[in-house]
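Below is one structure; the comments refer to it alone.
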Amino acid sequence: MNIFEIYLKKINEIVLTLNKKKIIIIDENLSSISVDVPPGNFNSDISTNVSMVLSKLNKKNPVELAKIIVKELAKDKNISKVEIVKPGFINIKFKKSFWNDFVKNIILNHESFGINQYEKKNNFLVEFVSANPTGPLHVGHCRGAILGDVISNILKFNKHKVFKEYYVNDYGNQILSFTKSVFLRCREIIYKETFPVMSQDIYPGDYIIGIAKNIIKNNPKLNFDDFEKISKNLTILSVEESLQIIKSNLKKLGILHDKFQSETNLVQNKEVEKVIEKLIKNNFVYKGKIKAPIGEDNKNWIEREQLLFRSTDFGDDKDRALQKSDNTWTYFASDVAYHNNKIERKFDKLINILGADHAGYINRISSSVEALSGEKDKLICKVSQLVKLIKDGKPFKMSKRKGDYITIDDLVKEVGKDATRFIMLSRSSDVELDFDFTKVKEKSKDNPLYYVQYCYARISSVFRNINQNINDEIKLENYNFSYNEDEIKILKKISQWPIVIDIASKKLEPHRLPTYLYELASDFHSYWNKGKEDNNKRFIDKNNKISNDKIVFLKSISNVIKSGMNIIGVDTPERM
RNA sequence: GCGCCCUUAGCUCAGUUGGAUAGAGCAACGGUUUUCUAAACCGUGGGUCGGAGGUUCGAAUCCUUCAGGGCGCGCCA
């Protein structure tokens, strides 16, 4: 039940009727008419800008126009007061009985409260994490991982279909270096050869030893004399090991992908050739030269003729190479094939979650998607900005040198899954995020996660005190409540929950959830403390009884907290 | 040089796809526990929304431009 949507519809109807009666003129497009939350200092529940939107067209000043509309609105039996305010806003105040119905509706439909029933349900593919399978995930991957997971949860909550995918870059030079590192670690173990830690293109991390040990144990017949001979086989084994680590990292964060799509697999199935043929047919590919990159040493740059994709046709700043000088495909080429593969699987929308360091890649890949699908906004890229790690009050820089980076396992062990998820989501993905280890670890009041969870725990404790459980179904004969102003204030906050979900879902902005839940928890804590001075605002009375009004009131709050925390993917403990 | 992101209170940030007198938390100071969980609450101070133009009934929000900070630029992935 989205009361803002309901009243927007009502106002549109009024305007249409008035237009039919030739009382007012309307635009074909009514979309700029909105129903919003009025600022707190006005004593009203919802407000609308109709008369300001239509005033110019009608050559009437907004206040005059508002008077006509207000006359119609006043017929609504739920409304107790309608006011016209300064520039021309119409402010509406509901009767108490309206809030009675509102709460009743939540209780009877608690499963679906907050869900936006869009006319069109989309089928989304969300690609996220997609880190190179060369080792465990570290903190840097964490934000994007959680972002993608919760965006998926939000879309699912709104009844869209979501498929979560991880693209495995198991092809190319980096994987070759990785396999070589595993190979050398194997020789270190078997032949006691010294491992060249400082050598270039070699992964020094200790985790490779573990991978090597596993491979030796599970493949006793493997011979490590000649790299060329086993390289192909060893790559498969190494990537498999590394994916096991990555999957277990993700599991610790509570993240489960539906599919891991291998790049090598696409190359072997000739999907790259297939897509390039398709592009050639449509004249999106040509042979040409590109200039050396700017701002770097390019003494070694050799200009040569090569296969290029016309990404400039779609707004990219240069055309992009598809083939390397050794005739293998570039990363971009197989990624185009991958996106073609996604398109062929008939998703309505493709969502990619990228780290800030890959933002420069967006133009070329969305160009390719547009070229292949003919749809301009088929692909939506969401960039998550950097996480600034702070430890002991100082910025903490991760480097590739051993021991100098924090893995997701370390993080979850120290901070916990819930705090990690909640904090990582607490800011808009467009801004850098300070992640302060020492602070997040403290179970202090500074930590917004506990603040919200505490609200739920307090509500649970009320139910516990009267020998009920917060999860018990409520069965009431009649729903006849009367709420005071402090309670209605919280009900109004609850009424905004569907809007929060709506915006978060349309703009793919999960941070709106923690922000909102914090505010709701704050309103509740505030109300709770009023019970110390005013017995009417306590939930349990002297006779250890609770009124239906209060039960239902508490249920409405805990319902929203729980469903929000579920989407974020964190627990709501009943005791703290 | 070019592209993307950011600039809002001392600090960290919200701000409902253009709305009304711009809001939280932290930090500072003062208060609240015989009673449902004080991991909480209440109060006080704190602002030229980076600068300058523009668009309009109306701008923190949109456009142009300038300044500052971050990330990126490849036949790496």
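So you can find residues: chains in the structure tokens are A, B, ... in the order shown, residues in each start at 1, and ligands are numbered from 1 in order.
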For chain B, work out the contacting residues on chain A at 6 Å, counting only C-alpha atoms (C1' of nucleotides), and write them as a PDB file with all heavy atoms, in the first residue's frame.
ATOM      1  N   LYS A 324      45.098  -8.940 -30.743  1.00  0.00           N
ATOM      2  CA  LYS A 324      46.473  -8.595 -30.410  1.00  0.00           C
ATOM      3  C   LYS A 324      47.393  -8.979 -31.561  1.00  0.00           C
ATOM      4  O   LYS A 324      46.980  -9.643 -32.509  1.00  0.00           O
ATOM      5  CB  LYS A 324      46.904  -9.335 -29.149  1.00  0.00           C
ATOM      6  CG  LYS A 324      46.110  -8.960 -27.918  1.00  0.00           C
ATOM      7  CD  LYS A 324      46.747  -9.574 -26.667  1.00  0.00           C
ATOM      8  CE  LYS A 324      45.737 -10.390 -25.900  1.00  0.00           C
ATOM      9  NZ  LYS A 324      46.335 -11.118 -24.784  1.00  0.00           N
ATOM     10  N   SER A 325      48.682  -8.581 -31.450  1.00  0.00           N
ATOM     11  CA  SER A 325      49.614  -8.837 -32.561  1.00  0.00           C
ATOM     12  C   SER A 325      49.891 -10.330 -32.742  1.00  0.00           C
ATOM     13  O   SER A 325      50.262 -10.777 -33.820  1.00  0.00           O
ATOM     14  CB  SER A 325      50.931  -8.086 -32.343  1.00  0.00           C
ATOM     15  OG  SER A 325      51.467  -8.450 -31.097  1.00  0.00           O
ATOM     16  N   ALA A 356      35.700   1.506  -9.400  1.00  0.00           N
ATOM     17  CA  ALA A 356      36.045   2.817  -9.952  1.00  0.00           C
ATOM     18  C   ALA A 356      37.186   2.727 -10.963  1.00  0.00           C
ATOM     19  O   ALA A 356      37.219   3.468 -11.943  1.00  0.00           O
ATOM     20  CB  ALA A 356      36.422   3.771  -8.835  1.00  0.00           C
ATOM     21  N   ASP A 357      38.102   1.784 -10.728  1.00  0.00           N
ATOM     22  CA  ASP A 357      39.253   1.676 -11.625  1.00  0.00           C
ATOM     23  C   ASP A 357      38.870   1.125 -12.995  1.00  0.00           C
ATOM     24  O   ASP A 357      39.668   1.141 -13.918  1.00  0.00           O
ATOM     25  CB  ASP A 357      40.357   0.822 -10.983  1.00  0.00           C
ATOM     26  CG  ASP A 357      39.835  -0.505 -10.462  1.00  0.00           C
ATOM     27  OD1 ASP A 357      38.608  -0.639 -10.302  1.00  0.00           O
ATOM     28  OD2 ASP A 357      40.645  -1.408 -10.220  1.00  0.00           O
ATOM     29  N   GLY A 360      36.549   3.655 -16.794  1.00  0.00           N
ATOM     30  CA  GLY A 360      36.943   4.071 -18.131  1.00  0.00           C
ATOM     31  C   GLY A 360      36.584   3.057 -19.206  1.00  0.00           C
ATOM     32  O   GLY A 360      36.686   3.328 -20.386  1.00  0.00           O
ATOM     33  N   LYS A 445      27.947   2.510  20.122  1.00  0.00           N
ATOM     34  CA  LYS A 445      26.769   3.195  19.600  1.00  0.00           C
ATOM     35  C   LYS A 445      27.066   3.913  18.299  1.00  0.00           C
ATOM     36  O   LYS A 445      26.173   4.335  17.596  1.00  0.00           O
ATOM     37  CB  LYS A 445      26.246   4.166  20.648  1.00  0.00           C
ATOM     38  CG  LYS A 445      27.304   5.153  21.108  1.00  0.00           C
ATOM     39  CD  LYS A 445      26.784   6.014  22.227  1.00  0.00           C
ATOM     40  CE  LYS A 445      27.935   6.808  22.831  1.00  0.00           C
ATOM     41  NZ  LYS A 445      27.496   7.601  23.962  1.00  0.00           N
ATOM     42  N   ARG A 458      14.554  -4.379  20.988  1.00  0.00           N
ATOM     43  CA  ARG A 458      13.664  -3.776  21.978  1.00  0.00           C
ATOM     44  C   ARG A 458      12.215  -4.208  21.744  1.00  0.00           C
ATOM     45  O   ARG A 458      11.499  -4.525  22.686  1.00  0.00           O
ATOM     46  CB  ARG A 458      13.759  -2.241  21.890  1.00  0.00           C
ATOM     47  CG  ARG A 458      14.847  -1.662  22.748  1.00  0.00           C
ATOM     48  CD  ARG A 458      14.855  -0.150  22.664  1.00  0.00           C
ATOM     49  NE  ARG A 458      15.477   0.429  23.856  1.00  0.00           N
ATOM     50  CZ  ARG A 458      15.757   1.714  23.999  1.00  0.00           C
ATOM     51  NH1 ARG A 458      15.463   2.577  23.035  1.00  0.00           N
ATOM     52  NH2 ARG A 458      16.308   2.163  25.104  1.00  0.00           N
ATOM     53  N   VAL A 462       9.591  -6.559  24.226  1.00  0.00           N
ATOM     54  CA  VAL A 462       8.225  -6.279  24.669  1.00  0.00           C
ATOM     55  C   VAL A 462       7.380  -7.537  24.545  1.00  0.00           C
ATOM     56  O   VAL A 462       6.677  -7.939  25.479  1.00  0.00           O
ATOM     57  CB  VAL A 462       7.586  -5.139  23.838  1.00  0.00           C
ATOM     58  CG1 VAL A 462       6.118  -4.980  24.169  1.00  0.00           C
ATOM     59  CG2 VAL A 462       8.331  -3.839  24.066  1.00  0.00           C
ATOM     60  N   SER A 526      13.240   7.208  20.083  1.00  0.00           N
ATOM     61  CA  SER A 526      12.751   8.447  20.650  1.00  0.00           C
ATOM     62  C   SER A 526      11.398   8.216  21.340  1.00  0.00           C
ATOM     63  O   SER A 526      11.167   8.644  22.473  1.00  0.00           O
ATOM     64  CB  SER A 526      12.640   9.468  19.528  1.00  0.00           C
ATOM     65  OG  SER A 526      12.136  10.661  20.007  1.00  0.00           O
ATOM     66  N   ASN A 529      11.611   6.245  24.661  1.00  0.00           N
ATOM     67  CA  ASN A 529      12.010   7.013  25.830  1.00  0.00           C
ATOM     68  C   ASN A 529      10.905   7.913  26.363  1.00  0.00           C
ATOM     69  O   ASN A 529      10.932   8.311  27.521  1.00  0.00           O
ATOM     70  CB  ASN A 529      13.263   7.832  25.527  1.00  0.00           C
ATOM     71  CG  ASN A 529      14.516   6.983  25.658  1.00  0.00           C
ATOM     72  OD1 ASN A 529      15.060   6.828  26.735  1.00  0.00           O
ATOM     73  ND2 ASN A 529      14.936   6.377  24.557  1.00  0.00           N
ATOM     74  N   ILE A 540       3.682  -1.878  27.620  1.00  0.00           N
ATOM     75  CA  ILE A 540       3.068  -2.799  28.567  1.00  0.00           C
ATOM     76  C   ILE A 540       2.548  -2.000  29.753  1.00  0.00           C
ATOM     77  O   ILE A 540       3.269  -1.176  30.313  1.00  0.00           O
ATOM     78  CB  ILE A 540       4.116  -3.827  29.047  1.00  0.00           C
ATOM     79  CG1 ILE A 540       4.646  -4.614  27.840  1.00  0.00           C
ATOM     80  CG2 ILE A 540       3.496  -4.772  30.061  1.00  0.00           C
ATOM     81  CD1 ILE A 540       5.810  -5.507  28.163  1.00  0.00           C
TER      82      ILE A 540
END
Exercise. Which neighbours of region 502-505 of chain A fall inside 8 Å, counting only C-alpha atoms (C1' of nucleotides), when residues of the same chain fewer than 2 positions from it are skipped, and could you give them as a list in words?
Worked result: Asn116, Ile151, Ile154, Leu155, Asn158, Pro498, Ile499, Val500, Lys507, Leu508, Glu509, Pro510, His511, Arg512 and Leu513 of chain A; U16 of chain B
Store the residues picked out above, limited to N, CA and C atoms (P, O5', C5', C4', C3', O3' and C1' of nucleotides), as a compact mmCIF listing (two decimals), in the first residue's frame.
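Result written to out.txt:
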# COMPACT_ATOMS: atom_id res chain seq x y z
N ASN A 116 6.77 -2.75 -4.72
CA ASN A 116 6.18 -1.93 -5.78
C ASN A 116 5.73 -2.84 -6.91
N ILE A 151 21.56 -4.98 -4.69
CA ILE A 151 20.78 -4.52 -5.84
C ILE A 151 19.91 -5.67 -6.34
N ILE A 154 17.00 -6.14 -3.96
CA ILE A 154 15.97 -5.10 -4.09
C ILE A 154 15.10 -5.38 -5.31
N LEU A 155 15.74 -5.72 -6.42
CA LEU A 155 14.97 -6.00 -7.64
C LEU A 155 14.06 -7.21 -7.43
N ASN A 158 11.00 -6.41 -5.48
CA ASN A 158 9.98 -5.78 -6.31
C ASN A 158 9.46 -6.71 -7.41
N PRO A 498 7.59 2.16 0.95
CA PRO A 498 7.48 1.78 -0.46
C PRO A 498 8.20 2.76 -1.39
N ILE A 499 8.24 4.03 -1.03
CA ILE A 499 8.94 5.00 -1.88
C ILE A 499 10.44 4.75 -1.85
N VAL A 500 10.94 4.45 -0.66
CA VAL A 500 12.36 4.18 -0.52
C VAL A 500 12.76 3.00 -1.40
N LYS A 507 16.78 3.53 -9.25
CA LYS A 507 18.10 4.14 -9.42
C LYS A 507 19.24 3.20 -9.03
N LEU A 508 18.90 2.00 -8.64
CA LEU A 508 19.90 1.02 -8.18
C LEU A 508 20.77 1.63 -7.09
N GLU A 509 20.12 2.13 -6.05
CA GLU A 509 20.84 2.79 -4.97
C GLU A 509 20.50 2.18 -3.61
N PRO A 510 21.17 1.10 -3.28
CA PRO A 510 20.86 0.41 -2.03
C PRO A 510 21.12 1.24 -0.77
N HIS A 511 21.97 2.24 -0.86
CA HIS A 511 22.30 2.99 0.36
C HIS A 511 21.09 3.67 0.97
N ARG A 512 20.02 3.78 0.19
CA ARG A 512 18.82 4.42 0.73
C ARG A 512 18.17 3.57 1.82
N LEU A 513 18.44 2.29 1.80
CA LEU A 513 17.84 1.41 2.81
C LEU A 513 18.45 1.63 4.20
P U B 16 16.82 13.87 -3.29
O5' U B 16 15.43 13.31 -3.79
C5' U B 16 15.38 11.99 -4.33
C4' U B 16 14.05 11.35 -4.05
C3' U B 16 12.83 12.13 -4.50
O3' U B 16 12.60 11.99 -5.88
C1' U B 16 12.45 11.24 -2.37
Problem set entry | Who sits within 12 Å of Asn478 (chain A), only C-alpha atoms (C1' of nucleotides), same chain under 5 positions skipped, as a count of residues only | 6
When you look at Leu354 (chain A) with a cut-off of 7 Å (counting only C-alpha atoms (C1' of nucleotides)), what residues show up, excluding the ones that are within fewer than 4 positions of it in the same chain? I need them as a JSON list (two decimals) with N, CA and C atoms, in the first residue's frame.
[["chain", "number", "residue", "atom", "x", "y", "z"],
["A", 144, "GLY", "N", 31.80, -3.76, -4.13],
["A", 144, "GLY", "CA", 31.08, -4.10, -5.35],
["A", 144, "GLY", "C", 30.29, -5.39, -5.18],
["A", 358, "HIS", "N", 37.66, 0.64, -13.14],
["A", 358, "HIS", "CA", 37.21, 0.15, -14.44],
["A", 358, "HIS", "C", 36.17, 1.05, -15.11],
["A", 359, "ALA", "N", 35.98, 2.22, -14.52],
["A", 359, "ALA", "CA", 34.95, 3.12, -15.03],
["A", 359, "ALA", "C", 35.25, 3.54, -16.47],
["A", 382, "LYS", "N", 27.01, 0.27, -13.09],
["A", 382, "LYS", "CA", 27.01, 0.93, -11.78],
["A", 382, "LYS", "C", 28.44, 0.87, -11.25],
["A", 383, "VAL", "N", 28.98, 2.03, -10.96],
["A", 383, "VAL", "CA", 30.37, 2.08, -10.51],
["A", 383, "VAL", "C", 30.41, 2.26, -9.00],
["A", 384, "SER", "N", 31.22, 1.46, -8.33],
["A", 384, "SER", "CA", 31.37, 1.72, -6.90],
["A", 384, "SER", "C", 32.74, 2.34, -6.65]]
For this session: Name all residues at most 12 Å from A52 (chain B) (count only C-alpha atoms (C1' of nucleotides); drop same-chain ones fewer than 6 positions away) and give them as a list in words.
Result: U64, U65, C66 and A67 of chain B
Can those selected residues be exported to a file as a PDB file, in the first residue's frame so that it contains all heavy atoms?
ATOM      1  P     U B  64      26.828  21.114 -19.874  1.00  0.00           P
ATOM      2  OP1   U B  64      27.351  20.361 -21.031  1.00  0.00           O
ATOM      3  OP2   U B  64      27.070  20.624 -18.493  1.00  0.00           O
ATOM      4  O5'   U B  64      27.339  22.626 -19.956  1.00  0.00           O
ATOM      5  C5'   U B  64      27.225  23.365 -21.169  1.00  0.00           C
ATOM      6  C4'   U B  64      27.746  24.763 -20.962  1.00  0.00           C
ATOM      7  O4'   U B  64      26.906  25.462 -20.001  1.00  0.00           O
ATOM      8  C3'   U B  64      29.140  24.851 -20.341  1.00  0.00           C
ATOM      9  O3'   U B  64      30.158  24.674 -21.305  1.00  0.00           O
ATOM     10  C2'   U B  64      29.135  26.267 -19.755  1.00  0.00           C
ATOM     11  O2'   U B  64      29.368  27.246 -20.743  1.00  0.00           O
ATOM     12  C1'   U B  64      27.693  26.384 -19.256  1.00  0.00           C
ATOM     13  N1    U B  64      27.577  26.062 -17.816  1.00  0.00           N
ATOM     14  C2    U B  64      27.923  27.054 -16.902  1.00  0.00           C
ATOM     15  O2    U B  64      28.323  28.154 -17.244  1.00  0.00           O
ATOM     16  N3    U B  64      27.794  26.704 -15.581  1.00  0.00           N
ATOM     17  C4    U B  64      27.365  25.488 -15.093  1.00  0.00           C
ATOM     18  O4    U B  64      27.292  25.334 -13.869  1.00  0.00           O
ATOM     19  C5    U B  64      27.026  24.524 -16.094  1.00  0.00           C
ATOM     20  C6    U B  64      27.141  24.832 -17.389  1.00  0.00           C
ATOM     21  P     U B  65      31.539  24.002 -20.861  1.00  0.00           P
ATOM     22  OP1   U B  65      32.358  23.872 -22.076  1.00  0.00           O
ATOM     23  OP2   U B  65      31.269  22.808 -20.015  1.00  0.00           O
ATOM     24  O5'   U B  65      32.150  25.136 -19.931  1.00  0.00           O
ATOM     25  C5'   U B  65      32.626  26.371 -20.496  1.00  0.00           C
ATOM     26  C4'   U B  65      33.011  27.322 -19.394  1.00  0.00           C
ATOM     27  O4'   U B  65      31.859  27.552 -18.528  1.00  0.00           O
ATOM     28  C3'   U B  65      34.071  26.794 -18.432  1.00  0.00           C
ATOM     29  O3'   U B  65      35.382  26.952 -18.940  1.00  0.00           O
ATOM     30  C2'   U B  65      33.818  27.663 -17.191  1.00  0.00           C
ATOM     31  O2'   U B  65      34.364  28.952 -17.324  1.00  0.00           O
ATOM     32  C1'   U B  65      32.289  27.748 -17.188  1.00  0.00           C
ATOM     33  N1    U B  65      31.675  26.722 -16.312  1.00  0.00           N
ATOM     34  C2    U B  65      31.584  27.005 -14.954  1.00  0.00           C
ATOM     35  O2    U B  65      31.982  28.055 -14.479  1.00  0.00           O
ATOM     36  N3    U B  65      31.023  26.030 -14.191  1.00  0.00           N
ATOM     37  C4    U B  65      30.546  24.806 -14.620  1.00  0.00           C
ATOM     38  O4    U B  65      30.064  24.026 -13.799  1.00  0.00           O
ATOM     39  C5    U B  65      30.674  24.577 -16.035  1.00  0.00           C
ATOM     40  C6    U B  65      31.219  25.523 -16.807  1.00  0.00           C
ATOM     41  P     C B  66      36.513  25.946 -18.464  1.00  0.00           P
ATOM     42  OP1   C B  66      37.646  26.103 -19.389  1.00  0.00           O
ATOM     43  OP2   C B  66      35.918  24.604 -18.254  1.00  0.00           O
ATOM     44  O5'   C B  66      36.922  26.542 -17.040  1.00  0.00           O
ATOM     45  C5'   C B  66      37.479  27.859 -16.947  1.00  0.00           C
ATOM     46  C4'   C B  66      37.550  28.297 -15.506  1.00  0.00           C
ATOM     47  O4'   C B  66      36.198  28.346 -14.950  1.00  0.00           O
ATOM     48  C3'   C B  66      38.274  27.337 -14.567  1.00  0.00           C
ATOM     49  O3'   C B  66      39.673  27.447 -14.626  1.00  0.00           O
ATOM     50  C2'   C B  66      37.713  27.769 -13.211  1.00  0.00           C
ATOM     51  O2'   C B  66      38.313  28.964 -12.748  1.00  0.00           O
ATOM     52  C1'   C B  66      36.254  28.037 -13.567  1.00  0.00           C
ATOM     53  N1    C B  66      35.406  26.855 -13.300  1.00  0.00           N
ATOM     54  C2    C B  66      34.969  26.630 -11.985  1.00  0.00           C
ATOM     55  O2    C B  66      35.288  27.446 -11.100  1.00  0.00           O
ATOM     56  N3    C B  66      34.198  25.552 -11.708  1.00  0.00           N
ATOM     57  C4    C B  66      33.881  24.705 -12.685  1.00  0.00           C
ATOM     58  N4    C B  66      33.129  23.660 -12.360  1.00  0.00           N
ATOM     59  C5    C B  66      34.318  24.900 -14.032  1.00  0.00           C
ATOM     60  C6    C B  66      35.075  25.977 -14.283  1.00  0.00           C
ATOM     61  P     A B  67      40.593  26.182 -14.274  1.00  0.00           P
ATOM     62  OP1   A B  67      41.993  26.538 -14.618  1.00  0.00           O
ATOM     63  OP2   A B  67      39.983  24.971 -14.849  1.00  0.00           O
ATOM     64  O5'   A B  67      40.464  26.111 -12.684  1.00  0.00           O
ATOM     65  C5'   A B  67      41.011  27.154 -11.868  1.00  0.00           C
ATOM     66  C4'   A B  67      40.631  26.934 -10.420  1.00  0.00           C
ATOM     67  O4'   A B  67      39.187  26.924 -10.284  1.00  0.00           O
ATOM     68  C3'   A B  67      41.054  25.592  -9.826  1.00  0.00           C
ATOM     69  O3'   A B  67      42.410  25.575  -9.451  1.00  0.00           O
ATOM     70  C2'   A B  67      40.115  25.494  -8.627  1.00  0.00           C
ATOM     71  O2'   A B  67      40.549  26.301  -7.551  1.00  0.00           O
ATOM     72  C1'   A B  67      38.824  26.066  -9.208  1.00  0.00           C
ATOM     73  N9    A B  67      37.943  24.998  -9.716  1.00  0.00           N
ATOM     74  C8    A B  67      37.691  24.662 -11.019  1.00  0.00           C
ATOM     75  N7    A B  67      36.855  23.655 -11.155  1.00  0.00           N
ATOM     76  C5    A B  67      36.547  23.311  -9.847  1.00  0.00           C
ATOM     77  C6    A B  67      35.714  22.314  -9.305  1.00  0.00           C
ATOM     78  N6    A B  67      35.015  21.463 -10.048  1.00  0.00           N
ATOM     79  N1    A B  67      35.611  22.235  -7.970  1.00  0.00           N
ATOM     80  C2    A B  67      36.320  23.094  -7.215  1.00  0.00           C
ATOM     81  N3    A B  67      37.137  24.081  -7.611  1.00  0.00           N
ATOM     82  C4    A B  67      37.209  24.129  -8.947  1.00  0.00           C
TER      83        A B  67
END
For this session: Check the DSSP output for the backbone and give back, as a ChimeraX atom specification, the residues of region 331-571 of chain A in strand (DSSP E or B).
Result: /A:349-355,379-384,387-391,394-395,407,433-436
For this session: Excluding G30 (chain B) and any residue of its chain fewer than 5 positions from it, enumerate the residues within 12 Å of it, using only C-alpha atoms (C1' of nucleotides), and give them as a PyMOL selection string.
Result: chain B and resi 42-45
Dump of N, CA and C atoms (P, O5', C5', C4', C3', O3' and C1' of nucleotides) for the selected residues, as a PDB file, in the first residue's frame:
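The resulting file, result-v8.pdb, is reproduced below:
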ATOM      1  P     C B  42      15.597  12.241  21.049  1.00  0.00           P
ATOM      2  O5'   C B  42      15.580  13.382  22.164  1.00  0.00           O
ATOM      3  C5'   C B  42      14.403  13.645  22.892  1.00  0.00           C
ATOM      4  C4'   C B  42      14.680  14.658  23.971  1.00  0.00           C
ATOM      5  C3'   C B  42      15.404  15.907  23.514  1.00  0.00           C
ATOM      6  O3'   C B  42      14.522  16.829  22.906  1.00  0.00           O
ATOM      7  C1'   C B  42      16.407  15.110  25.491  1.00  0.00           C
ATOM      8  P     G B  43      15.024  17.733  21.721  1.00  0.00           P
ATOM      9  O5'   G B  43      15.936  18.803  22.468  1.00  0.00           O
ATOM     10  C5'   G B  43      15.356  19.711  23.384  1.00  0.00           C
ATOM     11  C4'   G B  43      16.419  20.426  24.169  1.00  0.00           C
ATOM     12  C3'   G B  43      17.405  21.245  23.357  1.00  0.00           C
ATOM     13  O3'   G B  43      16.856  22.472  22.935  1.00  0.00           O
ATOM     14  C1'   G B  43      18.562  20.046  25.031  1.00  0.00           C
ATOM     15  P     U B  44      17.284  23.128  21.569  1.00  0.00           P
ATOM     16  O5'   U B  44      18.709  23.748  21.925  1.00  0.00           O
ATOM     17  C5'   U B  44      18.831  24.752  22.922  1.00  0.00           C
ATOM     18  C4'   U B  44      20.277  25.120  23.109  1.00  0.00           C
ATOM     19  C3'   U B  44      21.044  25.427  21.826  1.00  0.00           C
ATOM     20  O3'   U B  44      20.803  26.754  21.374  1.00  0.00           O
ATOM     21  C1'   U B  44      22.341  23.993  23.197  1.00  0.00           C
ATOM     22  P     G B  45      20.563  27.020  19.812  1.00  0.00           P
ATOM     23  O5'   G B  45      22.045  27.225  19.263  1.00  0.00           O
ATOM     24  C5'   G B  45      22.817  28.357  19.673  1.00  0.00           C
ATOM     25  C4'   G B  45      24.281  28.036  19.571  1.00  0.00           C
ATOM     26  C3'   G B  45      24.795  27.798  18.155  1.00  0.00           C
ATOM     27  O3'   G B  45      25.067  29.025  17.486  1.00  0.00           O
ATOM     28  C1'   G B  45      25.573  26.078  19.580  1.00  0.00           C
TER      29        G B  45
END
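The environment of Ile494 (chain A) within 9 Å, counting only C-alpha atoms (C1' of nucleotides) and disregarding residues fewer than 5 places along the same chain, consists of Lys489, Leu520, Ser556, Ile557 and Val560 of chain A.
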For this session: From the DSSP assignment of the backbone, select every residue of region 321-544 of chain A that is alpha helix (DSSP H), and format the answer as a ChimeraX atom specification.
Result: /A:331-344,362-373,408-415,417-425,437-441,448-465,485-495,497-507,512-530
